[in-house]
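Before any comments, here is the structure.
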Amino acid sequence: MAEKPLTYDKAYAELEQIMTDLQADKIGVDELTVKVKRAVELITFCSQMLRSTEDEVGKLVKKLGLA
Amino acid sequence: MAEKPLTYDKAYAELEQIMTDLQADKIGVDELTVKVKRAVELITFCSQMLRSTEDEVGKLVKKLGLA
Amino acid sequence: MAEKPLTYDKAYAELEQIMTDLQADKIGVDELTVKVKRAVELITFCSQMLRSTEDEVGKLVKKLGLA
Amino acid sequence: MAEKPLTYDKAYAELEQIMTDLQADKIGVDELTVKVKRAVELITFCSQMLRSTEDEVGKLVKKLGLA
Amino acid sequence: MAEKPLTYDKAYAELEQIMTDLQADKIGVDELTVKVKRAVELITFCSQMLRSTEDEVGKLVKKLGLA
Amino acid sequence: MAEKPLTYDKAYAELEQIMTDLQADKIGVDELTVKVKRAVELITFCSQMLRSTEDEVGKLVKKLGLA
Amino acid sequence: MDERRVFTLSQVSTAIKQRIEEATGGQAYWIRAEIAGLKVKNHAYLELVEHKGGQKVAVMRAHIWNSAYQRIRSELGAEADNILKDGVEVLLLGRVDFHLVHGLSINIEALDLAFNIGEMERRKLATIRALKEDGLYNRNRFAPMPMVLQRIALVASVGSAAYADFMQHLQHNERGYRFHVRVFGSAVQGDGAAAELRAAVGAIDPRLFDALVLVRGGGSKLDLEPFNDLELARLVAAFPKPVLTGIGHDVDTSVLDLIAKEPHKTPTAVADFLVDKASGFEIALTSMLDKVHGLVLEDFSMRRETLSAYAEMVRTRPVNHCQLQRGRLHTATGQLAHRVQAKLHTEGQVLENHRARLTTDPLRWLQQVKRAGLEELSIKLGLVANKQLQLVALQLKGLRETVNLLGPQATLARGFSITRAQGQAITDAGNLRPGERITTTLAKGTVHSTVESIEQHG
């Protein structure tokens with residue numbers, strides 16, 4: 001979904017988009033799980049990024065497959 | 001119950017069509033049994049989908065609480 | 001009673017035609033008995049169809065309660 | 001009374017023709033007796049037909065009440 | 001009175017012819033008696049025909065009343 | 001008076017002939033007398049014929065009244 | 001040369017001293033001048049200088065007696081060292097003092113602190129004006145603020161309390177956030193601080209950082225001077241990432257505070273801000289997830305309601321439909337019997353009608369039409385026959401009259417007569433002979449006579 005360097009801002013924007021879509025009833029039930037999963041991923045990623053050292057960031061990004 | 005890859009949204013769309021026809025008394029007596037059978041299937045399918053999706057989402061969200 | 005594949009709708013349509021013809025005096029006295037006999041057949045058929053449909057629908061719907 | 005396969009409708013048509021001819025003075029005195037005789041026959045036939053039709057229809061309809 | 005197969009209509013036609021002839025001054029005195037005689041015969045015949053026809057029709061019609 | 005089968009019409013024809021002759025002044029006095037005599041005879045005959053015819057017709061017609 | 005008046009040096013000095021005292025009347029004057037060559041040994045000795053266009057236009061010695069010096073220092077408070085130093089322009093209250101031995105000197109009795117501060121404010125305003133003219137004043141405030149500031153370029157005096165406080169607060173936050181701080185060391189006060197700060201800021205590659213943080217521990221008012229430096233301010237304002245200041249002054253704000261995206265009072269406050277921001281971000285994310293979850297639950301419950309409404313419809317509609325159909329069948333059944341009966345009834349009535357007509361019409365026809373016709377004919381027959389006979393009678397009567405007219409009798413009656421001889425009617429006298437017997441027939445009677453003579457006519 002996100003391109004290369006996922007930033008906090010992008011993550012937040014994506015999450016907001018999901019919210020907006022949800023609020024606009026744009027998401028079918030089938031997509032819903034996918035979207036919520038994505039939301040959880042984004043938050044997890046951000047949480048870990050916030051707590052990781054400079055060295056760990058690269059590894060983390062790779063590990064999460066979000067890059 | 002559902003044939004190949006029935007999704008919630010497809011099932012719901014089909015259900016809505018049946019309900020619209022039902023409400024408009026468009027369904028003749030001959031079709032009635034078939035349609036009702038299908039409606040029951042679809043409602044059951046959708047209900048189960050809702051429950052399982054809800055569970056899944058619940059787990060994901062709970063998981064984050066510990067992150 | 002019905003010949004080949006008599007359906008409720010066909011039967012009902014035929015019945016209505018007979019009723020209309022009756023009202024429009026389109027049926028001669030000679031035909032009358034035949035037509036009335038047919039009408040009675042059709043009504044009986046429709047009645048049985050309704051009953052069996054009701055039964056079947058009833059069974060299907062009972063299943064719904066558990067979904 | 002009626003010859004071969006006399007039907008109500010044929011009988012009635014013949015009767016009407018006789019009545020029309022009678023009214024239009026188209027029947028000579030010589031024919032009159034014959035025609036009147038025929039008319040009486042026809043009326044009698046039609047009357048019996050009506051009665052028997054009524055009976056038959058009545059039975060059929062009664063059957064329906066139990067259907 | 002009537003010769004071979006005299007019918008009402010023939011008789012009446014002959015009668016009318018006689019009347020026309022009488023009125024047309026064409027008849028000699030000698031014939032006159034003969035014609036008048038014939039006319040009287042014809043009228044008498046017709047009269048009797050009428051009566052017997054009336055009787056017969058009356059009987060037929062009476063039968064109808066009981067039909 | 002009349003010879004053999006004198007009829008009214010023959011008598012009248014002869015009479016008419018005599019009248020024509022008489023009116024043509026061709027006849028001498030002697031013949032005239034004879035002719036006149038004959039004419040008178042004929043007229044008398046005709047008169048009697050007429051009277052008897054009247055009687056007969058009267059009877060015939062009277063008979064009709066009873067028919 | 002005898003006229004020459006010679007004064008002793010002391011006479012001259014005394015005279016000058018008298019003149020000065022006369023001129024000043026021992027009065028003190030407010031004098032504006034720059035401090036130079038300040039030396040403090042018990043008393044303070046210095047030079048007052050006035051520059052104009054880079055040139056000294058006046059110099060005078062001055063001193064502050066120890067007691068005054070102590071008083072002035074305490075009056076200046078924290079600013080004493082910022083003001084009582086070379087190069088600072090001050091407004092002083094001084095008396096011109098001429099000492100016979102030490103010469104002319106200004107005895108400084110007081111310094112006006114407000115003057116210095118005012119000057120600093122004036123320079124600050126000039127800097128602001130210059131920044132505004134360059135379009136830089138608001139530049140950094142428009143720098144986009146990321147949701148999390150994690151990579152920090154820190155400009156601080158390494159080892160200072162401010163640095164330590166900042167690092168301490170940032171790295172040991174409760175929530176365990178990691179910040180990636182790179183320090184660009186610089187003096188933050190005193191002469192040369194501005195230059196060092198400029199160098200430090202200039203060395204930062206903005207692409208590598210989320211924010212630039214400038215911190216400094218507490219200090220006097222005039223210690224802020226380096227942070228009002230125009231060149232430094234230009235660099236900072238133009239910095240493409242948000243600039244956060246924690247320059248640490250309770251009352252006053254430096255130019256950098258004014259142009260920074262996020263001015264804070266203290267380094268600690270900056271650190272807290274960064275931590276709070278990260279935490280706020282994380283909370284926002286989490287609450288967003290909660291909202292998402294909530295929306296999903298809400299959505300699902302609505303869907304469930306619809307489904308159960310549908311289930312209800314499936315339960316009731318078909319039954320209703322069947323009932324409706326049953327009703328229609330019932331009606332049809334009733335109508336069937338009714339319509340058939342009506343039909344039969346109508347037919348029966350038509351038949352009855354025919355029957356009624358048949359019982360009356362032929363008889364009426366026979367009687368009225370036929371019999372009346374016959375009777376009429378009978379009457380007509382009598383009439384016509386009689387008429388014929390009468391006509392014939394008339395004819396006969398006419399004939400009879402004509403015969404009578406044409407017969408000889410009528411001619412005789414008019415006087416004519418018929419003469420006969422030998423039974424023959426004589427029409428020519430020539431046929432007779434005299435003496436011949438003739439008979440003459442008259443209308444009435446016959447005459448017998450004899451011919452006497454004959455005359456011929458024509």
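Following the order of the structure tokens, chains are lettered A, B, ..., residues in each are numbered from 1, and ligands are numbered from 1.
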**Prompt:** With chain B laid on chain A by least squares, using all C-alpha atoms in order, how large is the RMSD?
**Reply:**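 C-alpha RMSD after least-squares superposition: 9.7 Å.
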**Asked** If we count only C-alpha atoms, what is near stretch 35-48 of chain B at a cut-off of 9 Å, once residues fewer than 2 positions away on the same chain are taken out, given as a PyMOL selection string?
**Response** (chain B and resi 1-2+7-9+11-12+14-15+18-19+22+27+31-33+50-53) or (chain C and resi 57+60-61+63-64+66-67) or (chain G and resi 303-304+307-308+310-311+314-315+318)
**Fill in**
If you count only C-alpha atoms, the residue of G:Thr450, G:Gln335, G:Thr402, G:Gln367 closest to chain E turns out to be G:Gln367
**Message:** Write out as a VMD selection string the set of residues from chain F that DSSP, computed on the backbone, places in alpha helix (DSSP H).
**Reply:** chain F and resid 8 to 23 29 to 66
**Prompt:** Restricting the calculation to only C-alpha atoms, which member of C:Ala13, C:Leu6, C:Asp55, C:Gln23 is positioned closest to chain G?
**Reply:**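 Of C:Ala13, C:Leu6, C:Asp55, C:Gln23, the one nearest chain G is C:Gln23, counting only C-alpha atoms.
Between atom CA of G:Pro144 and atom CA of G:Lys261 lies a distance of 9.2 Å.
As for atom CA of G:Arg95 and atom CA of G:Asn107, they are spaced 5.3 Å apart.
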**Request:** Quick one: pull the distance between atom CA of G:Val255 and atom CA of G:Lys132, Å, one decimal.
**Result:**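 Computed distance, atom CA of G:Val255 to atom CA of G:Lys132, equals 11.7 Å.
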Would you list which chain G residues are within 7 Å of chain F using only C-alpha atoms, as a CSV table (one decimal) with all heavy atoms, in the first residue's frame?
```
chain,number,residue,atom,x,y,z
G,378,SER,N,-112.1,-11.8,-48.5
G,378,SER,CA,-113.5,-12.3,-48.7
G,378,SER,C,-114.4,-11.1,-49.0
G,378,SER,O,-115.2,-11.1,-50.0
G,378,SER,CB,-114.0,-13.0,-47.4
G,378,SER,OG,-113.2,-14.0,-47.1
G,382,GLY,N,-116.5,-10.1,-52.7
G,382,GLY,CA,-117.9,-9.8,-52.9
G,382,GLY,C,-118.0,-8.4,-53.6
G,382,GLY,O,-118.7,-8.3,-54.6
G,389,LEU,N,-120.3,-7.0,-61.9
G,389,LEU,CA,-121.6,-7.3,-62.4
G,389,LEU,C,-122.4,-6.1,-62.6
G,389,LEU,O,-123.1,-6.0,-63.6
G,389,LEU,CB,-122.3,-8.2,-61.4
G,389,LEU,CG,-121.7,-9.7,-61.3
G,389,LEU,CD1,-122.3,-10.4,-60.1
G,389,LEU,CD2,-121.9,-10.4,-62.6
G,396,LEU,N,-125.1,-3.3,-70.4
G,396,LEU,CA,-126.3,-3.9,-71.0
G,396,LEU,C,-127.4,-2.9,-71.2
G,396,LEU,O,-128.0,-2.8,-72.3
G,396,LEU,CB,-126.8,-5.1,-70.2
G,396,LEU,CG,-126.0,-6.4,-70.4
G,396,LEU,CD1,-126.7,-7.5,-69.5
G,396,LEU,CD2,-126.0,-6.9,-71.8
G,400,ARG,N,-129.0,-1.7,-74.5
G,400,ARG,CA,-130.5,-1.7,-74.8
G,400,ARG,C,-131.0,-0.4,-75.3
G,400,ARG,O,-131.7,-0.3,-76.3
G,400,ARG,CB,-131.2,-2.1,-73.5
G,400,ARG,CG,-132.6,-2.6,-73.7
G,400,ARG,CD,-133.3,-2.7,-72.3
G,400,ARG,NE,-132.6,-3.7,-71.4
G,400,ARG,CZ,-133.0,-5.0,-71.4
G,400,ARG,NH1,-133.9,-5.5,-72.2
G,400,ARG,NH2,-132.4,-5.8,-70.6
G,403,VAL,N,-129.9,0.2,-78.9
G,403,VAL,CA,-130.6,-0.6,-79.8
G,403,VAL,C,-132.0,0.0,-80.1
G,403,VAL,O,-132.5,0.1,-81.2
G,403,VAL,CB,-130.8,-2.1,-79.3
G,403,VAL,CG1,-131.9,-2.8,-80.1
G,403,VAL,CG2,-129.5,-2.8,-79.3
G,406,LEU,N,-131.5,3.0,-82.3
G,406,LEU,CA,-131.1,2.6,-83.7
G,406,LEU,C,-132.2,1.8,-84.4
G,406,LEU,O,-132.3,1.8,-85.6
G,406,LEU,CB,-129.8,1.8,-83.7
G,406,LEU,CG,-128.5,2.6,-83.3
G,406,LEU,CD1,-127.3,1.6,-83.3
G,406,LEU,CD2,-128.3,3.7,-84.3
G,407,GLY,N,-133.1,1.2,-83.7
G,407,GLY,CA,-134.2,0.4,-84.3
G,407,GLY,C,-135.2,1.3,-85.1
G,407,GLY,O,-135.2,2.5,-84.8
G,408,PRO,N,-135.9,0.8,-86.0
G,408,PRO,CA,-136.8,1.6,-86.9
G,408,PRO,C,-137.8,2.3,-86.1
G,408,PRO,O,-138.3,3.3,-86.4
G,408,PRO,CB,-137.4,0.5,-87.8
G,408,PRO,CG,-136.7,-0.8,-87.5
G,408,PRO,CD,-135.9,-0.6,-86.3
G,425,ALA,N,-139.4,-3.7,-98.5
G,425,ALA,CA,-139.4,-2.2,-98.2
G,425,ALA,C,-139.0,-1.5,-99.5
G,425,ALA,O,-138.1,-1.9,-100.2
G,425,ALA,CB,-138.4,-1.9,-97.1
```
